[in-house]
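A.B. asks: I am sharing model.pdb, which consists of PDB, C-alpha atoms and all ligand atoms:
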```pdb
ATOM      1  CA  MET H   1      19.085  21.517 -11.730
ATOM      2  CA  ASP H   2      21.294  18.804 -10.304
ATOM      3  CA  VAL H   3      22.278  18.416  -6.673
ATOM      4  CA  HIS H   4      25.236  16.243  -5.779
ATOM      5  CA  CYS H   5      25.545  13.465  -3.237
ATOM      6  CA  SER H   6      27.842  14.556  -0.415
ATOM      7  CA  ALA H   7      29.377  11.096  -0.131
ATOM      8  CA  CYS H   8      30.022  10.055  -3.735
ATOM      9  CA  GLY H   9      29.401  13.160  -5.845
ATOM     10  CA  GLU H  10      26.678  11.533  -7.955
ATOM     11  CA  PRO H  11      24.519  14.213  -9.596
ATOM     12  CA  TRP H  12      20.800  13.903  -8.952
ATOM     13  CA  ASP H  13      18.222  15.881 -10.834
ATOM     14  CA  SER H  14      16.320  17.875  -8.222
ATOM     15  CA  TRP H  15      13.013  17.178  -9.990
ATOM     16  CA  HIS H  16      13.717  13.451  -9.671
ATOM     17  CA  ILE H  17      14.450  13.808  -5.967
ATOM     18  CA  LEU H  18      11.312  15.874  -5.380
ATOM     19  CA  ASN H  19       8.960  13.720  -7.435
ATOM     20  CA  ASP H  20      10.285  10.278  -8.349
ATOM     21  CA  ALA H  21      12.837   9.142  -5.760
ATOM     22  CA  ILE H  22       9.995   8.117  -3.480
ATOM     23  CA  TYR H  23       9.122   5.426  -6.057
ATOM     24  CA  ASP H  24      12.581   3.884  -5.435
ATOM     25  CA  THR H  25      11.418   3.033  -1.927
ATOM     26  CA  ALA H  26       9.350   0.118  -0.660
ATOM     27  CA  LEU H  27       6.230   2.273  -0.380
ATOM     28  CA  THR H  28       3.235   1.263  -2.467
ATOM     29  CA  ARG H  29       2.235   3.478  -5.382
ATOM     30  CA  PRO H  30      -0.730   4.926  -3.433
ATOM     31  CA  GLU H  31       1.615   5.646  -0.509
ATOM     32  CA  CYS H  32       4.045   7.343  -2.913
ATOM     33  CA  ALA H  33       1.209   9.396  -4.381
ATOM     34  CA  ALA H  34       0.194  10.401  -0.850
ATOM     35  CA  TRP H  35       3.803  11.409  -0.118
ATOM     36  CA  ASN H  36       3.796  13.607  -3.226
ATOM     37  CA  ARG H  37       0.731  15.421  -1.826
ATOM     38  CA  THR H  38       2.378  15.809   1.600
ATOM     39  CA  PRO H  39       3.651  19.323   2.381
ATOM     40  CA  ARG H  40       7.388  19.582   1.722
ATOM     41  CA  GLN H  41       8.082  20.308   5.386
ATOM     42  CA  LYS H  42       6.651  16.880   6.302
ATOM     43  CA  GLN H  43       8.168  14.804   3.499
ATOM     44  CA  LEU H  44      11.189  14.009   5.661
ATOM     45  CA  ALA H  45       9.245  13.000   8.755
ATOM     46  CA  PRO H  46      10.973  10.128  10.635
ATOM     47  CA  HIS H  47       8.885   7.445   8.908
ATOM     48  CA  TYR H  48       9.823   8.752   5.461
ATOM     49  CA  ARG H  49      13.495   9.166   6.424
ATOM     50  CA  THR H  50      13.529   5.475   7.366
ATOM     51  CA  VAL H  51      11.871   4.488   4.103
ATOM     52  CA  PHE H  52      14.356   6.574   2.109
ATOM     53  CA  ARG H  53      17.308   5.233   4.112
ATOM     54  CA  ASP H  54      16.237   1.658   3.344
ATOM     55  CA  ALA H  55      16.348   2.610  -0.350
ATOM     56  CA  GLY H  56      19.840   4.106  -0.010
ATOM     57  CA  TYR H  57      18.952   7.795   0.393
ATOM     58  CA  GLU H  58      19.923   9.936   3.341
ATOM     59  CA  PHE H  59      18.970  13.602   3.349
ATOM     60  CA  GLY H  60      19.926  16.643   5.372
ATOM     61  CA  HIS H  61      17.305  19.130   6.512
ATOM     62  CA  THR H  62      15.774  19.170   3.025
ATOM     63  CA  LEU H  63      15.450  16.873   0.027
ATOM     64  CA  MET H  64      18.055  18.981  -1.790
ATOM     65  CA  HIS H  65      20.782  17.891   0.604
ATOM     66  CA  VAL H  66      21.665  14.336  -0.465
ATOM     67  CA  ILE H  67      24.079  12.951   2.144
ATOM     68  CA  HIS H  68      24.061   9.372   0.822
ATOM     69  CA  CYS H  69      22.449   7.960  -2.280
ATOM     70  CA  PRO H  70      21.785   4.584  -3.909
ATOM     71  CA  ALA H  71      24.852   5.109  -6.141
ATOM     72  CA  CYS H  72      27.227   5.401  -3.175
ATOM     73  CA  PRO H  73      29.944   2.761  -2.932
ATOM     74  CA  PRO H  74      29.632   0.821   0.338
ATOM     75  CA  THR H  75      32.479   2.737   2.000
ATOM     76  CA  ALA H  76      31.443   6.233   0.830
ATOM     77  CA  LYS H  77      31.232   8.780   3.616
ATOM     78  CA  ALA H  78      30.062  12.357   3.377
ATOM     79  CA  GLY H  79      32.755  14.894   4.201
ATOM     80  CA  ASP H  80      32.307  16.907   7.383
ATOM     81  CA  GLU H  81      32.988  20.299   5.791
ATOM     82  CA  PRO H  82      30.570  20.053   2.843
ATOM     83  CA  THR H  83      27.912  18.605   5.117
ATOM     84  CA  THR H  84      28.315  21.451   7.607
ATOM     85  CA  LEU H  85      28.177  24.033   4.811
ATOM     86  CA  LYS H  86      25.090  22.440   3.292
ATOM     87  CA  HIS H  87      23.329  22.397   6.673
ATOM     88  CA  ALA H  88      24.163  26.089   7.163
ATOM     89  CA  ILE H  89      22.805  26.963   3.712
ATOM     90  CA  GLU H  90      19.619  25.019   4.466
ATOM     91  CA  ASP H  91      19.257  26.839   7.784
ATOM     92  CA  ILE H  92      19.588  30.217   6.064
ATOM     93  CA  LEU H  93      17.342  29.505   3.075
ATOM     94  CA  GLY H  94      14.685  27.460   4.890
ATOM     95  CA  ASP H  95      12.052  25.982   2.588
ATOM     96  CA  ASP H  96      13.272  27.615  -0.619
ATOM     97  CA  LEU H  97      14.469  24.429  -2.282
ATOM     98  CA  ASP H  98      15.294  26.106  -5.602
ATOM     99  CA  ALA H  99      17.534  28.610  -3.822
ATOM    100  CA  ILE H 100      19.169  25.834  -1.808
ATOM    101  CA  ALA H 101      19.945  23.802  -4.945
ATOM    102  CA  ALA H 102      21.234  26.905  -6.753
ATOM    103  CA  THR H 103      23.439  27.885  -3.813
ATOM    104  CA  PHE H 104      24.854  24.367  -3.561
ATOM    105  CA  ASN H 105      25.724  24.588  -7.261
ATOM    106  CA  ASP H 106      27.174  28.086  -6.937
ATOM    107  CA  HIS H 107      29.556  26.751  -4.289
ATOM    108  CA  HIS H 108      30.220  23.396  -6.001
ATOM    109  CA  LEU H 109      28.710  21.497  -3.075
TER     110      LEU H 109
HETATM  111 ZN    ZN V   1      26.140   8.884  -3.258
END
```
Let me see whether you can do it: turn the structure in this file into C-alpha cells.
C.D. replies:
Amino acid sequence: MDVHCSACGEPWDSWHILNDAIYDTALTRPECAAWNRTPRQKQLAPHYRTVFRDAGYEFGHTLMHVIHCPACPPTAKAGDEPTTLKHAIEDILGDDLDAIAATFNDHHL
C-alpha cells in the first residue's frame, strides 16, 4: 500500500518505507540492519530522525506519515490541514501502521 508525501504528493510504498528507506541514509549496512531489528516504536528516535532528515525524509509520529521526502522540490511545504489530520489519525491508531496507511488512503491523505 502506498502512502503519500504531505509536501509533494509522491507515493511511497509502505514496505519500502518500513524496510528499505533506511538504506537511502548515510548509515552503514550493519547499522541499517540493526535499525531493521529495532522495535518500530524506537525507529524514529532522535538520532534516526536526523539520519532520515539528512537523506530527505521527514516523518510524523510514525513511518507511515511522510511529511517530506527525497522527491520533494526544494520549496515544497506540507499543508497544515493534512498534517494535522494525519497526526490525529496516528494518535488514534497508535502503532497499527497498516491501519494508519489504510486510513490515510481512505481519506486521500
Ligand atoms: Zn515529497
A.B. asks: What's around H:His4 at 12 Å? Count all atoms listed in the file, leave out sequence neighbours fewer than 2 positions away in its own chain, and write the answer as a PyMOL selection string.
C.D. replies: chain H and resi 1-2+6-14+17+59+63-69+71-72+78+82-83+86+101-105+107-109
A.B. asks: Considering only C-alpha atoms, can you say which of H:Glu31, H:Thr62, H:Thr75, H:Pro39 comes closest to H:Ala99?
C.D. replies: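 So, comparing all the options, the nearest one is H:Thr62.
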A.B. asks: Residue by residue, what does the PyMOL selection byres (((chain H and resi 21) around 12) and not hetatm) grab here? Present the result as a ChimeraX atom specification.
C.D. replies: /H:12-20,22-27,32-33,35-36,43,48,51-53,55-59,63-64,66,69-70
A.B. asks: For each of H:His61, H:Lys42, H:Arg37, H:Arg49, take the minimum atom-to-atom distance to H:Thr84, counting only C-alpha atoms, then give the residue where this is smallest.
C.D. replies: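 Under the stated criterion, the closest residue is H:His61.
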A.B. asks: If I take atom CA of H:Ala88 and atom CA of H:Asp106, how far is one from the other in Å, to one decimal?
C.D. replies: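 It comes out at 14.6 Å.
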A.B. asks: Could you tell me how far atom CA of H:Gly79 sits from atom ZN of ligand ZN 1 (chain V), in Å to one decimal place?
C.D. replies: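 Calculated distance between atom ZN of ligand ZN 1 (chain V) and atom CA of H:Gly79 is 11.6 Å.
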A.B. asks: Considering only C-alpha atoms and all ligand atoms, can you say which of H:Pro30, H:Pro46, H:Pro74, H:Gly60 comes closest to ligand ZN 1 (chain V)?
C.D. replies: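 The shortest atom-to-atom distance to ligand ZN 1 (chain V) comes from H:Pro74.
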A.B. asks: Of the candidates H:Asp54, H:Thr38, H:Pro73, H:Thr28, which shows the shortest atom-to-atom distance to ligand ZN 1 (chain V), using all atoms listed in the file?
C.D. replies: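 So, comparing all the options, the nearest one is H:Pro73.
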A.B. asks: Using only the atoms of stretch 93-101 of chain H listed in the file, plus 4 Å on each side, state the axis-aligned box centre and edge lengths in Å rounded to one decimal, as JSON.
C.D. replies:
```
{"center_x": 16.0, "center_y": 26.7, "center_z": -0.4, "size_x": 15.9, "size_y": 13.7, "size_z": 18.5}
```
A.B. asks: Tell me which of H:Thr50, H:Ala45, H:Ala76, H:Ala34 sits closest to ligand ZN 1 (chain V), counting all atoms listed in the file.
C.D. replies: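 Closest residue, counting all atoms listed in the file: H:Ala76.
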A.B. asks: Quick one, how far is atom CA of H:Val3 from atom CA of H:Asp91?
C.D. replies: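 Answer for the atom CA of H:Val3 to atom CA of H:Asp91 separation: 17.0 Å.
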A.B. asks: Hey, which of H:His47, H:Lys77, H:Arg40, H:His87 ends up closest to ligand ZN 1 (chain V)? Count only C-alpha atoms and all ligand atoms.
C.D. replies: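 Under the stated criterion, the closest residue is H:Lys77.
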A.B. asks: Just so I have it separately, write stretch 11-46 of chain H from the block I sent, keeping N, CA and C atoms, as a CSV table (one decimal), in the first residue's frame.
C.D. replies:
```
chain,number,residue,atom,x,y,z
H,11,PRO,N,3.9,9.2,-4.1
H,11,PRO,CA,3.5,7.9,-3.5
H,11,PRO,C,4.8,7.1,-3.1
H,12,TRP,N,4.7,6.6,-1.9
H,12,TRP,CA,5.8,5.8,-1.4
H,12,TRP,C,5.2,4.4,-0.9
H,13,ASP,N,5.8,3.4,-1.4
H,13,ASP,CA,5.3,2.0,-1.0
H,13,ASP,C,5.6,1.9,0.5
H,14,SER,N,4.6,1.5,1.3
H,14,SER,CA,4.9,1.4,2.7
H,14,SER,C,5.9,0.4,3.1
H,15,TRP,N,6.0,-0.7,2.3
H,15,TRP,CA,7.0,-1.7,2.6
H,15,TRP,C,8.4,-1.1,2.4
H,16,HIS,N,8.6,-0.3,1.3
H,16,HIS,CA,9.8,0.4,1.1
H,16,HIS,C,10.2,1.3,2.3
H,17,ILE,N,9.2,2.1,2.8
H,17,ILE,CA,9.5,3.0,3.9
H,17,ILE,C,9.9,2.1,5.1
H,18,LEU,N,9.2,1.0,5.4
H,18,LEU,CA,9.5,0.2,6.6
H,18,LEU,C,10.7,-0.6,6.5
H,19,ASN,N,11.2,-0.9,5.3
H,19,ASN,CA,12.3,-1.8,5.2
H,19,ASN,C,13.5,-1.3,4.4
H,20,ASP,N,13.3,-0.5,3.4
H,20,ASP,CA,14.4,-0.1,2.6
H,20,ASP,C,14.9,1.4,2.6
H,21,ALA,N,14.0,2.3,3.1
H,21,ALA,CA,14.3,3.7,3.1
H,21,ALA,C,15.5,4.0,3.9
H,22,ILE,N,15.7,3.2,4.9
H,22,ILE,CA,16.9,3.4,5.8
H,22,ILE,C,18.2,3.2,5.0
H,23,TYR,N,18.2,2.4,3.9
H,23,TYR,CA,19.4,2.3,3.1
H,23,TYR,C,19.7,3.5,2.2
H,24,ASP,N,18.7,4.4,2.2
H,24,ASP,CA,18.9,5.7,1.5
H,24,ASP,C,19.7,6.7,2.4
H,25,THR,N,19.9,6.3,3.6
H,25,THR,CA,20.6,7.2,4.5
H,25,THR,C,22.1,7.0,4.5
H,26,ALA,N,22.8,7.7,5.3
H,26,ALA,CA,24.3,7.6,5.4
H,26,ALA,C,24.7,6.5,6.4
H,27,LEU,N,23.7,5.8,7.0
H,27,LEU,CA,24.1,4.7,7.9
H,27,LEU,C,24.8,3.6,7.1
H,28,THR,N,25.7,2.9,7.8
H,28,THR,CA,26.3,1.7,7.2
H,28,THR,C,25.3,0.6,7.0
H,29,ARG,N,25.6,-0.4,6.2
H,29,ARG,CA,24.7,-1.6,6.1
H,29,ARG,C,24.5,-2.3,7.4
H,30,PRO,N,25.5,-2.5,8.2
H,30,PRO,CA,25.2,-3.1,9.5
H,30,PRO,C,24.3,-2.2,10.4
H,31,GLU,N,24.5,-0.9,10.3
H,31,GLU,CA,23.7,0.0,11.1
H,31,GLU,C,22.2,-0.1,10.6
H,32,CYS,N,22.1,-0.2,9.3
H,32,CYS,CA,20.7,-0.3,8.7
H,32,CYS,C,20.1,-1.6,9.1
H,33,ALA,N,20.9,-2.7,9.1
H,33,ALA,CA,20.3,-4.0,9.6
H,33,ALA,C,19.9,-3.9,11.0
H,34,ALA,N,20.7,-3.2,11.8
H,34,ALA,CA,20.3,-3.0,13.3
H,34,ALA,C,19.1,-2.2,13.4
H,35,TRP,N,18.9,-1.2,12.6
H,35,TRP,CA,17.7,-0.4,12.6
H,35,TRP,C,16.5,-1.3,12.2
H,36,ASN,N,16.6,-2.2,11.3
H,36,ASN,CA,15.5,-3.0,10.9
H,36,ASN,C,15.1,-4.0,12.0
H,37,ARG,N,16.0,-4.3,12.9
H,37,ARG,CA,15.7,-5.1,14.1
H,37,ARG,C,15.2,-4.3,15.3
H,38,THR,N,15.3,-3.0,15.2
H,38,THR,CA,14.9,-2.1,16.3
H,38,THR,C,13.3,-2.1,16.3
H,39,PRO,N,12.8,-2.1,17.5
H,39,PRO,CA,11.3,-2.1,17.6
H,39,PRO,C,10.8,-0.8,16.9
H,40,ARG,N,9.6,-1.0,16.3
H,40,ARG,CA,9.0,0.1,15.5
H,40,ARG,C,8.9,1.4,16.3
H,41,GLN,N,8.6,1.3,17.6
H,41,GLN,CA,8.4,2.5,18.4
H,41,GLN,C,9.7,3.3,18.6
H,42,LYS,N,10.9,2.6,18.3
H,42,LYS,CA,12.2,3.3,18.5
H,42,LYS,C,12.8,3.6,17.2
H,43,GLN,N,12.2,3.3,16.1
H,43,GLN,CA,12.8,3.5,14.8
H,43,GLN,C,12.8,5.0,14.4
H,44,LEU,N,12.1,5.8,15.1
H,44,LEU,CA,12.1,7.3,14.9
H,44,LEU,C,12.7,8.0,16.1
H,45,ALA,N,13.6,7.4,16.8
H,45,ALA,CA,14.3,8.1,17.9
H,45,ALA,C,15.1,9.3,17.3
H,46,PRO,N,15.4,10.3,18.1
H,46,PRO,CA,16.0,11.5,17.5
H,46,PRO,C,17.2,11.2,16.6
```
